[in-house]
$ cat protein_16.cif   # mmCIF, C-alpha atoms and all ligand atoms
data_entry
loop_
_atom_site.group_PDB
_atom_site.id
_atom_site.type_symbol
_atom_site.label_atom_id
_atom_site.label_comp_id
_atom_site.auth_asym_id
_atom_site.auth_seq_id
_atom_site.Cartn_x
_atom_site.Cartn_y
_atom_site.Cartn_z
ATOM 1 C CA MET A 18 -17.019 -2.035 6.726
ATOM 2 C CA ALA A 19 -13.363 -2.287 5.905
ATOM 3 C CA LYS A 20 -10.887 0.413 6.844
ATOM 4 C CA LYS A 21 -9.257 1.511 3.597
ATOM 5 C CA VAL A 22 -5.741 2.899 3.658
ATOM 6 C CA SER A 23 -3.451 4.040 0.848
ATOM 7 C CA LEU A 24 0.294 3.910 1.409
ATOM 8 C CA ILE A 25 1.581 6.862 -0.492
ATOM 9 C CA ASN A 26 4.560 9.154 -0.965
ATOM 10 C CA MET A 27 5.576 10.895 -4.166
ATOM 11 C CA LYS A 28 9.044 9.482 -3.651
ATOM 12 C CA GLY A 29 10.047 5.918 -4.535
ATOM 13 C CA GLY A 30 12.013 3.513 -2.384
ATOM 14 C CA VAL A 31 10.653 4.754 0.949
ATOM 15 C CA GLY A 32 9.010 1.475 1.975
ATOM 16 C CA LYS A 33 5.436 1.790 0.703
ATOM 17 C CA SER A 34 5.386 -1.765 -0.632
ATOM 18 C CA THR A 35 7.393 -3.221 2.249
ATOM 19 C CA LEU A 36 5.055 -1.730 4.851
ATOM 20 C CA THR A 37 1.921 -2.643 2.878
ATOM 21 C CA VAL A 38 2.910 -6.284 2.766
ATOM 22 C CA ASN A 39 4.181 -6.493 6.339
ATOM 23 C CA LEU A 40 1.055 -4.790 7.711
ATOM 24 C CA ALA A 41 -1.070 -7.281 5.777
ATOM 25 C CA TRP A 42 0.864 -10.199 7.285
ATOM 26 C CA GLN A 43 0.625 -8.722 10.783
ATOM 27 C CA PHE A 44 -3.111 -8.120 10.793
ATOM 28 C CA ALA A 45 -4.080 -11.369 9.064
ATOM 29 C CA GLY A 46 -1.415 -13.659 10.486
ATOM 30 C CA LEU A 47 -1.190 -12.750 14.169
ATOM 31 C CA ARG A 48 -3.743 -14.337 16.460
ATOM 32 C CA LYS A 49 -4.191 -11.057 18.262
ATOM 33 C CA TRP A 50 -5.929 -9.552 15.216
ATOM 34 C CA ASN A 51 -7.038 -12.303 12.815
ATOM 35 C CA LYS A 52 -8.211 -9.827 10.209
ATOM 36 C CA LYS A 53 -9.359 -10.270 6.655
ATOM 37 C CA VAL A 54 -7.039 -8.132 4.577
ATOM 38 C CA LEU A 55 -7.091 -7.140 0.936
ATOM 39 C CA VAL A 56 -3.966 -5.694 -0.671
ATOM 40 C CA VAL A 57 -4.514 -3.650 -3.829
ATOM 41 C CA ASP A 58 -1.332 -3.238 -5.832
ATOM 42 C CA LEU A 59 -1.637 0.060 -7.698
ATOM 43 C CA ASP A 60 1.959 0.318 -8.843
ATOM 44 C CA PRO A 61 2.672 -0.791 -12.446
ATOM 45 C CA GLN A 62 5.993 -2.062 -11.084
ATOM 46 C CA PHE A 63 4.041 -4.711 -9.073
ATOM 47 C CA ASN A 64 6.502 -4.951 -6.137
ATOM 48 C CA ALA A 65 3.825 -5.618 -3.534
ATOM 49 C CA SER A 66 2.437 -8.463 -5.667
ATOM 50 C CA GLN A 67 5.864 -10.051 -5.879
ATOM 51 C CA TYR A 68 6.661 -9.435 -2.203
ATOM 52 C CA LEU A 69 3.407 -11.123 -1.217
ATOM 53 C CA ILE A 70 3.351 -14.193 -3.420
ATOM 54 C CA GLY A 71 6.930 -14.535 -4.658
ATOM 55 C CA VAL A 72 8.349 -14.263 -8.150
ATOM 56 C CA SER A 73 7.380 -17.683 -9.523
ATOM 57 C CA LYS A 74 3.706 -17.456 -8.520
ATOM 58 C CA TYR A 75 3.637 -13.964 -9.921
ATOM 59 C CA GLU A 76 4.939 -15.235 -13.259
ATOM 60 C CA GLU A 77 2.081 -17.718 -13.271
ATOM 61 C CA ILE A 78 -0.402 -14.856 -13.023
ATOM 62 C CA VAL A 79 1.135 -13.262 -16.087
ATOM 63 C CA LYS A 80 1.418 -16.531 -18.037
ATOM 64 C CA LYS A 81 -2.096 -17.742 -17.285
ATOM 65 C CA ASN A 82 -3.652 -14.337 -17.874
ATOM 66 C CA ILE A 83 -5.125 -14.257 -14.382
ATOM 67 C CA PRO A 84 -7.075 -10.983 -13.892
ATOM 68 C CA THR A 85 -5.223 -8.045 -12.341
ATOM 69 C CA ILE A 86 -5.870 -4.422 -11.464
ATOM 70 C CA TRP A 87 -5.539 -3.737 -15.195
ATOM 71 C CA ASP A 88 -8.820 -5.548 -15.766
ATOM 72 C CA VAL A 89 -10.482 -3.274 -13.207
ATOM 73 C CA PHE A 90 -9.467 -0.115 -15.039
ATOM 74 C CA GLU A 91 -10.006 -1.521 -18.524
ATOM 75 C CA GLN A 92 -13.303 -3.319 -17.880
ATOM 76 C CA HIS A 93 -15.202 -0.914 -20.131
ATOM 77 C CA SER A 94 -12.604 -0.690 -22.860
ATOM 78 C CA HIS A 95 -13.811 -1.966 -26.126
ATOM 79 C CA THR A 96 -11.555 -4.293 -28.053
ATOM 80 C CA PRO A 97 -12.657 -4.159 -31.681
ATOM 81 C CA GLY A 98 -13.805 -7.529 -32.974
ATOM 82 C CA LYS A 99 -14.261 -9.039 -29.492
ATOM 83 C CA GLY A 100 -18.004 -8.546 -29.431
ATOM 84 C CA LYS A 101 -20.020 -7.447 -26.423
ATOM 85 C CA LEU A 102 -18.249 -6.652 -23.176
ATOM 86 C CA LYS A 103 -18.828 -8.977 -20.228
ATOM 87 C CA ALA A 104 -19.251 -7.285 -16.848
ATOM 88 C CA LEU A 105 -16.234 -7.808 -14.610
ATOM 89 C CA ALA A 106 -17.095 -10.046 -11.657
ATOM 90 C CA PRO A 107 -15.442 -8.406 -8.618
ATOM 91 C CA GLU A 108 -14.364 -11.793 -7.160
ATOM 92 C CA SER A 109 -12.479 -12.598 -10.345
ATOM 93 C CA VAL A 110 -9.715 -10.116 -9.520
ATOM 94 C CA LEU A 111 -9.203 -11.346 -5.934
ATOM 95 C CA TYR A 112 -6.178 -13.622 -5.667
ATOM 96 C CA ASN A 113 -5.978 -15.525 -2.397
ATOM 97 C CA VAL A 114 -2.489 -15.318 -0.881
ATOM 98 C CA VAL A 115 -3.147 -17.149 2.374
ATOM 99 C CA SER A 116 -6.164 -18.347 4.354
ATOM 100 C CA TYR A 117 -6.112 -19.323 8.017
ATOM 101 C CA ASN A 118 -8.447 -21.726 9.811
ATOM 102 C CA ASP A 119 -10.118 -18.941 11.746
ATOM 103 C CA GLY A 120 -11.268 -17.238 8.545
ATOM 104 C CA SER A 121 -8.605 -14.551 8.467
ATOM 105 C CA ARG A 122 -6.830 -14.225 5.161
ATOM 106 C CA ILE A 123 -4.899 -12.080 2.738
ATOM 107 C CA ASP A 124 -6.228 -11.513 -0.761
ATOM 108 C CA LEU A 125 -4.447 -9.541 -3.437
ATOM 109 C CA ILE A 126 -5.517 -7.588 -6.475
ATOM 110 C CA PRO A 127 -2.227 -7.968 -8.345
ATOM 111 C CA SER A 128 -0.693 -5.349 -10.573
ATOM 112 C CA CYS A 129 1.089 -5.649 -13.902
ATOM 113 C CA LEU A 130 3.247 -3.601 -16.265
ATOM 114 C CA GLU A 131 0.407 -2.990 -18.712
ATOM 115 C CA LEU A 132 -1.170 -0.751 -16.087
ATOM 116 C CA ALA A 133 1.319 1.943 -17.052
ATOM 117 C CA TYR A 134 0.015 1.942 -20.630
ATOM 118 C CA SER A 135 -3.570 1.854 -19.484
ATOM 119 C CA MET A 136 -3.010 5.189 -17.746
ATOM 120 C CA ARG A 137 -2.127 6.975 -20.959
ATOM 121 C CA ASN A 138 -5.778 7.064 -21.772
ATOM 122 C CA PRO A 139 -7.382 7.903 -18.444
ATOM 123 C CA GLY A 140 -11.018 8.537 -19.486
ATOM 124 C CA GLN A 141 -13.246 8.153 -16.418
ATOM 125 C CA LYS A 142 -11.246 5.265 -15.025
ATOM 126 C CA GLU A 143 -10.498 6.775 -11.612
ATOM 127 C CA VAL A 144 -13.920 5.810 -10.216
ATOM 128 C CA LEU A 145 -13.789 2.165 -11.296
ATOM 129 C CA LEU A 146 -11.641 0.902 -8.432
ATOM 130 C CA ALA A 147 -13.746 2.578 -5.726
ATOM 131 C CA LYS A 148 -16.856 1.076 -7.330
ATOM 132 C CA LEU A 149 -15.370 -2.403 -7.329
ATOM 133 C CA ILE A 150 -14.174 -2.051 -3.744
ATOM 134 C CA SER A 151 -17.620 -0.912 -2.589
ATOM 135 C CA LYS A 152 -18.956 -4.268 -3.824
ATOM 136 C CA ILE A 153 -16.486 -6.390 -1.846
ATOM 137 C CA GLU A 154 -15.425 -4.327 1.150
ATOM 138 C CA GLU A 155 -17.908 -6.007 3.496
ATOM 139 C CA ASP A 156 -15.791 -9.132 3.203
ATOM 140 C CA TYR A 157 -12.717 -7.394 4.657
ATOM 141 C CA ASP A 158 -11.589 -5.628 7.805
ATOM 142 C CA LEU A 159 -8.717 -3.813 6.180
ATOM 143 C CA ILE A 160 -7.894 -2.836 2.609
ATOM 144 C CA LEU A 161 -4.347 -1.610 1.925
ATOM 145 C CA LEU A 162 -3.559 0.139 -1.355
ATOM 146 C CA ASP A 163 0.071 0.278 -2.383
ATOM 147 C CA CYS A 164 0.563 3.361 -4.585
ATOM 148 C CA ALA A 165 3.077 4.311 -7.261
ATOM 149 C CA PRO A 166 5.317 7.320 -6.541
ATOM 150 C CA THR A 167 3.995 9.437 -9.408
ATOM 151 C CA GLU A 168 0.863 11.523 -9.730
ATOM 152 C CA SER A 169 -1.604 10.016 -12.204
ATOM 153 C CA VAL A 170 -5.176 8.880 -12.502
ATOM 154 C CA LEU A 171 -4.062 6.000 -10.246
ATOM 155 C CA THR A 172 -3.499 8.488 -7.430
ATOM 156 C CA THR A 173 -7.051 9.799 -7.785
ATOM 157 C CA ALA A 174 -8.302 6.202 -7.899
ATOM 158 C CA ALA A 175 -6.418 5.502 -4.648
ATOM 159 C CA TYR A 176 -7.786 8.610 -2.890
ATOM 160 C CA LEU A 177 -11.328 7.779 -3.966
ATOM 161 C CA SER A 178 -10.935 4.249 -2.615
ATOM 162 C CA SER A 179 -9.445 5.280 0.755
ATOM 163 C CA ASP A 180 -10.473 6.580 4.159
ATOM 164 C CA TYR A 181 -6.869 7.204 5.198
ATOM 165 C CA LEU A 182 -3.405 7.846 3.836
ATOM 166 C CA LEU A 183 -0.294 6.418 5.458
ATOM 167 C CA VAL A 184 2.942 8.114 4.419
ATOM 168 C CA PRO A 185 6.198 6.185 4.872
ATOM 169 C CA VAL A 186 9.354 8.304 4.862
ATOM 170 C CA LYS A 187 12.961 7.154 4.910
ATOM 171 C CA PRO A 188 14.835 9.809 6.880
ATOM 172 C CA GLU A 189 17.823 10.383 4.635
ATOM 173 C CA TYR A 190 19.131 12.949 2.169
ATOM 174 C CA LEU A 191 16.257 14.289 -0.008
ATOM 175 C CA SER A 192 13.730 12.425 2.103
ATOM 176 C CA SER A 193 11.370 15.376 2.268
ATOM 177 C CA ILE A 194 11.262 15.797 -1.501
ATOM 178 C CA GLY A 195 8.077 13.812 -2.090
ATOM 179 C CA LEU A 196 6.092 15.518 0.639
ATOM 180 C CA PRO A 197 5.373 18.945 -0.936
ATOM 181 C CA LEU A 198 4.262 17.014 -4.036
ATOM 182 C CA LEU A 199 1.936 14.967 -1.883
ATOM 183 C CA VAL A 200 0.535 18.117 -0.252
ATOM 184 C CA ARG A 201 -0.175 19.539 -3.703
ATOM 185 C CA SER A 202 -1.695 16.310 -4.918
ATOM 186 C CA MET A 203 -4.064 16.184 -1.916
ATOM 187 C CA GLU A 204 -5.003 19.852 -2.334
ATOM 188 C CA GLU A 205 -5.798 19.318 -5.999
ATOM 189 C CA PHE A 206 -7.936 16.342 -5.086
ATOM 190 C CA ILE A 207 -9.872 18.348 -2.497
ATOM 191 C CA ASP A 208 -10.358 21.244 -4.942
ATOM 192 C CA GLY A 209 -11.416 18.868 -7.724
ATOM 193 C CA PRO A 210 -14.692 17.147 -8.557
ATOM 194 C CA TYR A 211 -14.353 14.639 -5.698
ATOM 195 C CA GLY A 212 -13.678 17.223 -2.996
ATOM 196 C CA ASP A 213 -16.436 15.974 -0.682
ATOM 197 C CA HIS A 214 -14.829 12.523 -0.377
ATOM 198 C CA ASP A 215 -13.713 12.111 3.243
ATOM 199 C CA LEU A 216 -9.969 11.447 3.233
ATOM 200 C CA LYS A 217 -7.821 11.659 6.357
ATOM 201 C CA LEU A 218 -4.102 11.500 6.787
ATOM 202 C CA ALA A 219 -3.395 8.754 9.341
ATOM 203 C CA GLY A 220 0.186 9.919 9.655
ATOM 204 C CA VAL A 221 3.803 9.815 8.619
ATOM 205 C CA VAL A 222 5.882 6.805 9.637
ATOM 206 C CA PHE A 223 9.658 6.902 9.645
ATOM 207 C CA ASN A 224 10.970 3.774 7.950
ATOM 208 C CA ALA A 225 14.444 2.218 7.863
ATOM 209 C CA THR A 226 15.674 4.277 10.780
ATOM 210 C CA SER A 227 18.910 3.640 12.599
ATOM 211 C CA GLU A 228 20.162 5.245 15.739
ATOM 212 C CA TYR A 229 22.740 7.991 16.034
ATOM 213 C CA SER A 230 22.989 9.073 12.408
ATOM 214 C CA PRO A 231 23.436 12.856 12.081
ATOM 215 C CA GLU A 232 22.054 12.743 8.536
ATOM 216 C CA GLU A 233 18.947 11.066 9.844
ATOM 217 C CA ILE A 234 18.434 13.646 12.562
ATOM 218 C CA THR A 235 18.618 16.473 9.991
ATOM 219 C CA ALA A 236 16.226 14.689 7.651
ATOM 220 C CA LYS A 237 13.739 14.031 10.432
ATOM 221 C CA LYS A 238 13.759 17.703 11.374
ATOM 222 C CA GLU A 239 12.855 18.687 7.807
ATOM 223 C CA VAL A 240 10.071 16.140 7.633
ATOM 224 C CA LYS A 241 8.737 17.156 11.046
ATOM 225 C CA SER A 242 8.521 20.776 10.002
ATOM 226 C CA ILE A 243 6.539 19.886 6.855
ATOM 227 C CA ALA A 244 4.293 17.659 8.964
ATOM 228 C CA LYS A 245 3.707 20.472 11.442
ATOM 229 C CA GLN A 246 2.770 22.972 8.725
ATOM 230 C CA ASN A 247 0.189 20.544 7.399
ATOM 231 C CA GLU A 248 -0.970 19.282 10.810
ATOM 232 C CA TRP A 249 0.090 15.743 9.983
ATOM 233 C CA TYR A 250 0.532 13.204 12.753
ATOM 234 C CA ILE A 251 3.923 11.499 13.042
ATOM 235 C CA PHE A 252 3.799 7.976 14.412
ATOM 236 C CA LYS A 253 5.752 7.569 17.643
ATOM 237 C CA GLU A 254 6.779 4.055 16.668
ATOM 238 C CA GLU A 255 9.325 3.859 13.848
ATOM 239 C CA VAL A 256 10.240 0.956 11.582
ATOM 240 C CA SER A 257 13.927 0.354 11.955
ATOM 241 C CA TYR A 258 16.425 -0.499 9.272
ATOM 242 C CA SER A 259 16.871 -4.241 8.943
ATOM 243 C CA ARG A 260 18.253 -6.456 6.238
ATOM 244 C CA SER A 261 15.428 -8.805 7.111
ATOM 245 C CA TYR A 262 13.002 -6.642 5.098
ATOM 246 C CA PRO A 263 14.603 -7.221 1.696
ATOM 247 C CA LYS A 264 15.403 -10.792 2.740
ATOM 248 C CA GLY A 265 11.769 -11.372 3.751
ATOM 249 C CA ALA A 266 10.629 -9.902 0.439
ATOM 250 C CA ARG A 267 12.821 -12.389 -1.372
ATOM 251 C CA GLU A 268 11.533 -15.261 0.751
ATOM 252 C CA GLY A 269 7.921 -14.071 0.484
ATOM 253 C CA LYS A 270 7.726 -13.882 4.270
ATOM 254 C CA PRO A 271 6.668 -11.293 6.845
ATOM 255 C CA ILE A 272 9.286 -9.824 9.164
ATOM 256 C CA PHE A 273 8.150 -11.984 12.080
ATOM 257 C CA LYS A 274 8.841 -15.170 10.097
ATOM 258 C CA THR A 275 11.942 -14.225 8.128
ATOM 259 C CA SER A 276 14.844 -16.507 8.932
ATOM 260 C CA TYR A 277 17.263 -15.021 11.465
ATOM 261 C CA ALA A 278 15.260 -11.794 11.767
ATOM 262 C CA ARG A 279 16.098 -10.429 15.170
ATOM 263 C CA THR A 280 13.082 -10.518 17.435
ATOM 264 C CA SER A 281 13.788 -6.910 18.338
ATOM 265 C CA GLN A 282 13.109 -5.942 14.683
ATOM 266 C CA ALA A 283 9.917 -7.941 14.576
ATOM 267 C CA SER A 284 8.702 -6.436 17.829
ATOM 268 C CA LYS A 285 9.495 -2.907 16.644
ATOM 269 C CA PHE A 286 7.355 -3.483 13.590
ATOM 270 C CA HIS A 287 4.651 -4.948 15.781
ATOM 271 C CA ALA A 288 4.658 -1.837 17.961
ATOM 272 C CA PHE A 289 4.104 0.291 14.887
ATOM 273 C CA ALA A 290 1.259 -1.976 13.741
ATOM 274 C CA VAL A 291 -0.394 -1.532 17.157
ATOM 275 C CA GLU A 292 -0.150 2.251 16.968
ATOM 276 C CA PHE A 293 -1.432 2.232 13.383
ATOM 277 C CA ALA A 294 -4.397 0.000 14.294
ATOM 278 C CA GLU A 295 -5.334 2.392 17.098
ATOM 279 C CA LYS A 296 -5.038 5.399 14.843
ATOM 280 C CA ILE A 297 -7.456 4.027 12.243
ATOM 281 C CA ASN A 298 -9.686 2.319 14.786
ATOM 282 C CA LEU A 299 -9.126 -1.141 13.333
HETATM 283 N N1 LIG B 1 12.960 -0.983 7.173
HETATM 284 C C1 LIG B 1 13.725 -1.367 6.140
HETATM 285 N N2 LIG B 1 14.982 -1.843 6.361
HETATM 286 C C2 LIG B 1 15.759 -2.212 5.324
HETATM 287 N N3 LIG B 1 15.397 -2.174 4.033
HETATM 288 C C3 LIG B 1 14.153 -1.720 3.747
HETATM 289 C C4 LIG B 1 13.259 -1.297 4.768
HETATM 290 N N4 LIG B 1 12.112 -0.896 4.176
HETATM 291 C C5 LIG B 1 12.284 -1.072 2.848
HETATM 292 N N5 LIG B 1 13.507 -1.567 2.587
HETATM 293 C C6 LIG B 1 14.069 -1.881 1.260
HETATM 294 O O1 LIG B 1 14.116 -0.673 0.506
HETATM 295 C C7 LIG B 1 13.767 -0.925 -0.850
HETATM 296 C C8 LIG B 1 12.565 -0.072 -1.228
HETATM 297 O O2 LIG B 1 11.444 -0.458 -0.470
HETATM 298 P P1 LIG B 1 9.984 -0.539 -1.117
HETATM 299 O O3 LIG B 1 9.067 -0.995 -0.048
HETATM 300 O O4 LIG B 1 9.995 -1.315 -2.381
HETATM 301 O O5 LIG B 1 9.741 1.026 -1.416
HETATM 302 P P2 LIG B 1 8.591 1.782 -2.246
HETATM 303 O O6 LIG B 1 7.442 0.840 -2.369
HETATM 304 O O7 LIG B 1 8.275 3.000 -1.457
HETATM 305 O O8 LIG B 1 9.203 2.120 -3.569
HETATM 306 C C9 LIG B 1 13.483 -2.407 -0.954
HETATM 307 O O9 LIG B 1 14.620 -3.065 -1.422
HETATM 308 C C10 LIG B 1 13.172 -2.816 0.477
HETATM 309 O O10 LIG B 1 13.487 -4.176 0.735
HETATM 310 MG MG MG B 2 6.522 0.173 -4.133
#
$ encode --input "protein_16.cif" --output "C-alpha cells"
Amino acid sequence: MAKKVSLINMKGGVGKSTLTVNLAWQFAGLRKWNKKVLVVDLDPQFNASQYLIGVSKYEEIVKKNIPTIWDVFEQHSHTPGKGKLKALAPESVLYNVVSYNDGSRIDLIPSCLELAYSMRNPGQKEVLLAKLISKIEEDYDLILLDCAPTESVLTTAAYLSSDYLLVPVKPEYLSSIGLPLLVRSMEEFIDGPYGDHDLKLAGVVFNATSEYSPEEITAKKEVKSIAKQNEWYIFKEEVSYSRSYPKGAREGKPIFKTSYARTSQASKFHAFAVEFAEKINL
C-alpha cells in the first residue's frame, strides 16, 4: 500500500509545491529508491502541475480537456441536458509525467482553476478523492498531495486521503502565522464526522533556510515553541535557500538536475528526503 502524505500549511509561499515536486523526483528518479509516485495537485492555482510538467504541456491539458482533479470532485454533478452520468474511470485522471525502465514513475492528477468554483458547492465531495485513491493506491509506493493554503472542503479531502501531514515552514517574519490555523483545522477534523481516520503529523520542515540570519533564528524559535506545544516533530535536515528551486521549477527539473545547481544544495535536499523516508517508513 502506498504511503500517503499531504504537504500542508495554512500559509502560502512556504514551499509546499516545491517540496512536493522535488520529493517526487527524488523518490522516483534516484536509483536508490526507484519508487512509483503519484502527485495529487489539490491547489486551484495548479503550481505543482506546472512545476512538474512545464507550462506548455500544462496548457495542452487545459486545451484538450484532459481530465483533472476537478473531474474527481465533480464526477457526480449533473449537467442538465447531458444525459446519464458515466462513472469516472480512475486511470483517466492519471497523467504520466515520467516513466523509467525499472518501472518507477511519476504520475500526476493535475489541478485547474475551475476547482476553486467547484468548492463553492461542497456537497459530499470530500470523500470522493479518498475513494478514487483507494482504487489505485496499490499501484504506487508514495502519494503526495499538494494542498492549497486555505481551509475548505479540499482540506478535508486531503486529510481523508492521507496517512501523514508534512508541514513546510519558511523561517521568516510571520512564518508561524499558518500554524495555529493548521492546529485548529486538524482539531476540527478530529472532532468531526471523520474523527476515527488515522492521521499523523510526520513533521515540520524548515524550507529556504540560510545561515546566520537573526530574523531566521527568531522565527525558528517561534515555530519550535508551537511545535513543542503540539508535540510535532521538527526534521533535523533543513532545505536551504537556493535560486535553483525557482530555476528548476521554470525548467521543469528536480534540484539534482537543475543547471548549475550546487551539489551541496542537491545533497542537502537529499538528506532531507532520507530523513523523511525513514519517518514515514517508505
Ligand atoms: N528552498 C527554496 N529556495 C529558494 N526559493 C524557494 C525555495 N522553496 C520555494 N522557493 C520559491 O518560493 C516560492 C513559493 O514556493 P511554493 O513551493 O510555490 O510555495 P507554496 O506551494 O507553499 O505556496 C516559489 O517561487 C519557489 O520557487
Ligand atoms: Mg503551492
$ closest_residue --input "protein_16.cif" --among "A:Ala266, A:Ala147, A:Trp87, A:Ser116" --to "ligand MG 2 (chain B)" --atoms "all atoms listed in the file"
A:Ala266
$ closest_residue --input "protein_16.cif" --among "A:Leu183, A:Val38, A:Ala165, A:Ile272" --to "ligand MG 2 (chain B)" --atoms "only C-alpha atoms and all ligand atoms"
A:Ala165
$ closest_residue --input "protein_16.cif" --among "A:Leu105, A:Ile78, A:Ala65, A:Leu149" --to "ligand MG 2 (chain B)" --atoms "all atoms listed in the file"
A:Ala65
$ residues_near_ligand --input "protein_16.cif" --ligand "ligand MG 2 (chain B)" --cutoff "9 Å" --atoms "all atoms listed in the file" --output "PyMOL selection string"
chain A and resi 29-35+37+58-60+62-65+163-166
$ residues_around --input "protein_16.cif" --residues "stretch 130-136 of chain A" --least-positions-apart "6" --cutoff "10 Å" --atoms "all atoms listed in the file" --output "PyMOL selection string"
chain A and resi 59-63+79+85-88+90-91+94+142-143+169-171
$ residues_around --input "protein_16.cif" --residues "stretch 200-208 of chain A" --least-positions-apart "2" --cutoff "12 Å" --atoms "all atoms listed in the file" --output "PyMOL selection string"
chain A and resi 25-27+143+166-177+181-182+184+193-198+210-218+243-244+246-249
$ closest_residue --input "protein_16.cif" --among "A:Val54, A:Pro185, A:Arg260, A:Val89" --to "A:Ala104" --atoms "all atoms listed in the file"
A:Val89
$ closest_residue --input "protein_16.cif" --among "A:Pro188, A:Ile70, A:Lys80, A:Phe44" --to "A:Tyr117" --atoms "all atoms listed in the file"
A:Phe44
$ resolve_selection --input "protein_16.cif" --expression "the PyMOL selection byres (((chain A and resi 160) around 9) and not hetatm)" --output "list in words"
Ala19, Lys20, Lys21, Val22, Ser23, Ala41, Lys53, Val54, Leu55, Val56, Val57, Ile150, Glu154, Tyr157, Asp158, Leu159, Leu161, Leu162 and Ser179 of chain A
$ write_last_selection --input "protein_16.cif" --atoms "C-alpha atoms" --output "PDB file, in the coordinates of the input"
ATOM      1  CA  ALA A  19     -13.363  -2.287   5.905  1.00  0.00           C
ATOM      2  CA  LYS A  20     -10.887   0.413   6.844  1.00  0.00           C
ATOM      3  CA  LYS A  21      -9.257   1.511   3.597  1.00  0.00           C
ATOM      4  CA  VAL A  22      -5.741   2.899   3.658  1.00  0.00           C
ATOM      5  CA  SER A  23      -3.451   4.040   0.848  1.00  0.00           C
ATOM      6  CA  ALA A  41      -1.070  -7.281   5.777  1.00  0.00           C
ATOM      7  CA  LYS A  53      -9.359 -10.270   6.655  1.00  0.00           C
ATOM      8  CA  VAL A  54      -7.039  -8.132   4.577  1.00  0.00           C
ATOM      9  CA  LEU A  55      -7.091  -7.140   0.936  1.00  0.00           C
ATOM     10  CA  VAL A  56      -3.966  -5.694  -0.671  1.00  0.00           C
ATOM     11  CA  VAL A  57      -4.514  -3.650  -3.829  1.00  0.00           C
ATOM     12  CA  ILE A 150     -14.174  -2.051  -3.744  1.00  0.00           C
ATOM     13  CA  GLU A 154     -15.425  -4.327   1.150  1.00  0.00           C
ATOM     14  CA  TYR A 157     -12.717  -7.394   4.657  1.00  0.00           C
ATOM     15  CA  ASP A 158     -11.589  -5.628   7.805  1.00  0.00           C
ATOM     16  CA  LEU A 159      -8.717  -3.813   6.180  1.00  0.00           C
ATOM     17  CA  LEU A 161      -4.347  -1.610   1.925  1.00  0.00           C
ATOM     18  CA  LEU A 162      -3.559   0.139  -1.355  1.00  0.00           C
ATOM     19  CA  SER A 179      -9.445   5.280   0.755  1.00  0.00           C
TER      20      SER A 179
END
$ closest_residue --input "protein_16.cif" --among "A:Met18, A:Val256, A:Val144, A:Val221" --to "ligand LIG 1 (chain B)" --atoms "all atoms listed in the file"
A:Val256
$ atom_distance --input "protein_16.cif" --atom1 "atom CA of A:Ser121" --atom2 "atom CA of A:Leu146"
23.1 Å
$ resolve_selection --input "protein_16.cif" --expression "the PyMOL selection byres (((chain A and resi 49) around 12) and not hetatm)" --output "PDB file with C-alpha atoms, keeping the file's coordinate frame"
ATOM      1  CA  GLN A  43       0.625  -8.722  10.783  1.00  0.00           C
ATOM      2  CA  PHE A  44      -3.111  -8.120  10.793  1.00  0.00           C
ATOM      3  CA  ALA A  45      -4.080 -11.369   9.064  1.00  0.00           C
ATOM      4  CA  GLY A  46      -1.415 -13.659  10.486  1.00  0.00           C
ATOM      5  CA  LEU A  47      -1.190 -12.750  14.169  1.00  0.00           C
ATOM      6  CA  ARG A  48      -3.743 -14.337  16.460  1.00  0.00           C
ATOM      7  CA  TRP A  50      -5.929  -9.552  15.216  1.00  0.00           C
ATOM      8  CA  ASN A  51      -7.038 -12.303  12.815  1.00  0.00           C
ATOM      9  CA  LYS A  52      -8.211  -9.827  10.209  1.00  0.00           C
ATOM     10  CA  ASP A 119     -10.118 -18.941  11.746  1.00  0.00           C
ATOM     11  CA  SER A 121      -8.605 -14.551   8.467  1.00  0.00           C
ATOM     12  CA  HIS A 287       4.651  -4.948  15.781  1.00  0.00           C
ATOM     13  CA  ALA A 290       1.259  -1.976  13.741  1.00  0.00           C
ATOM     14  CA  VAL A 291      -0.394  -1.532  17.157  1.00  0.00           C
ATOM     15  CA  ALA A 294      -4.397   0.000  14.294  1.00  0.00           C
TER      16      ALA A 294
END
$ atom_distance --input "protein_16.cif" --atom1 "atom CA of A:Pro263" --atom2 "atom CA of A:Leu199"
25.8 Å
$ resolve_selection --input "protein_16.cif" --expression "the PyMOL selection byres (((chain A and resi 275) around 12) and not hetatm)" --output "number ranges by chain"
A: 39, 42, 259-274, 276-280, 282-283
$ residues_near_point --input "protein_16.cif" --point "(-0.2, -16.0, -2.9)" --cutoff "8 Å" --atoms "all atoms listed in the file" --output "PDB file with C-alpha atoms, keeping the file's coordinate frame"
ATOM      1  CA  LEU A  69       3.407 -11.123  -1.217  1.00  0.00           C
ATOM      2  CA  ILE A  70       3.351 -14.193  -3.420  1.00  0.00           C
ATOM      3  CA  GLY A  71       6.930 -14.535  -4.658  1.00  0.00           C
ATOM      4  CA  LYS A  74       3.706 -17.456  -8.520  1.00  0.00           C
ATOM      5  CA  TYR A 112      -6.178 -13.622  -5.667  1.00  0.00           C
ATOM      6  CA  ASN A 113      -5.978 -15.525  -2.397  1.00  0.00           C
ATOM      7  CA  VAL A 114      -2.489 -15.318  -0.881  1.00  0.00           C
ATOM      8  CA  VAL A 115      -3.147 -17.149   2.374  1.00  0.00           C
ATOM      9  CA  ASP A 124      -6.228 -11.513  -0.761  1.00  0.00           C
ATOM     10  CA  LEU A 125      -4.447  -9.541  -3.437  1.00  0.00           C
TER      11      LEU A 125
END
$ atom_distance --input "protein_16.cif" --atom1 "atom CA of A:Asn138" --atom2 "atom CA of A:Gln92"
13.4 Å
$ residues_around --input "protein_16.cif" --residues "A:Ser257" --least-positions-apart "5" --cutoff "7 Å" --atoms "all atoms listed in the file" --output "NGL selection string"
:A and (224-227 or 282)
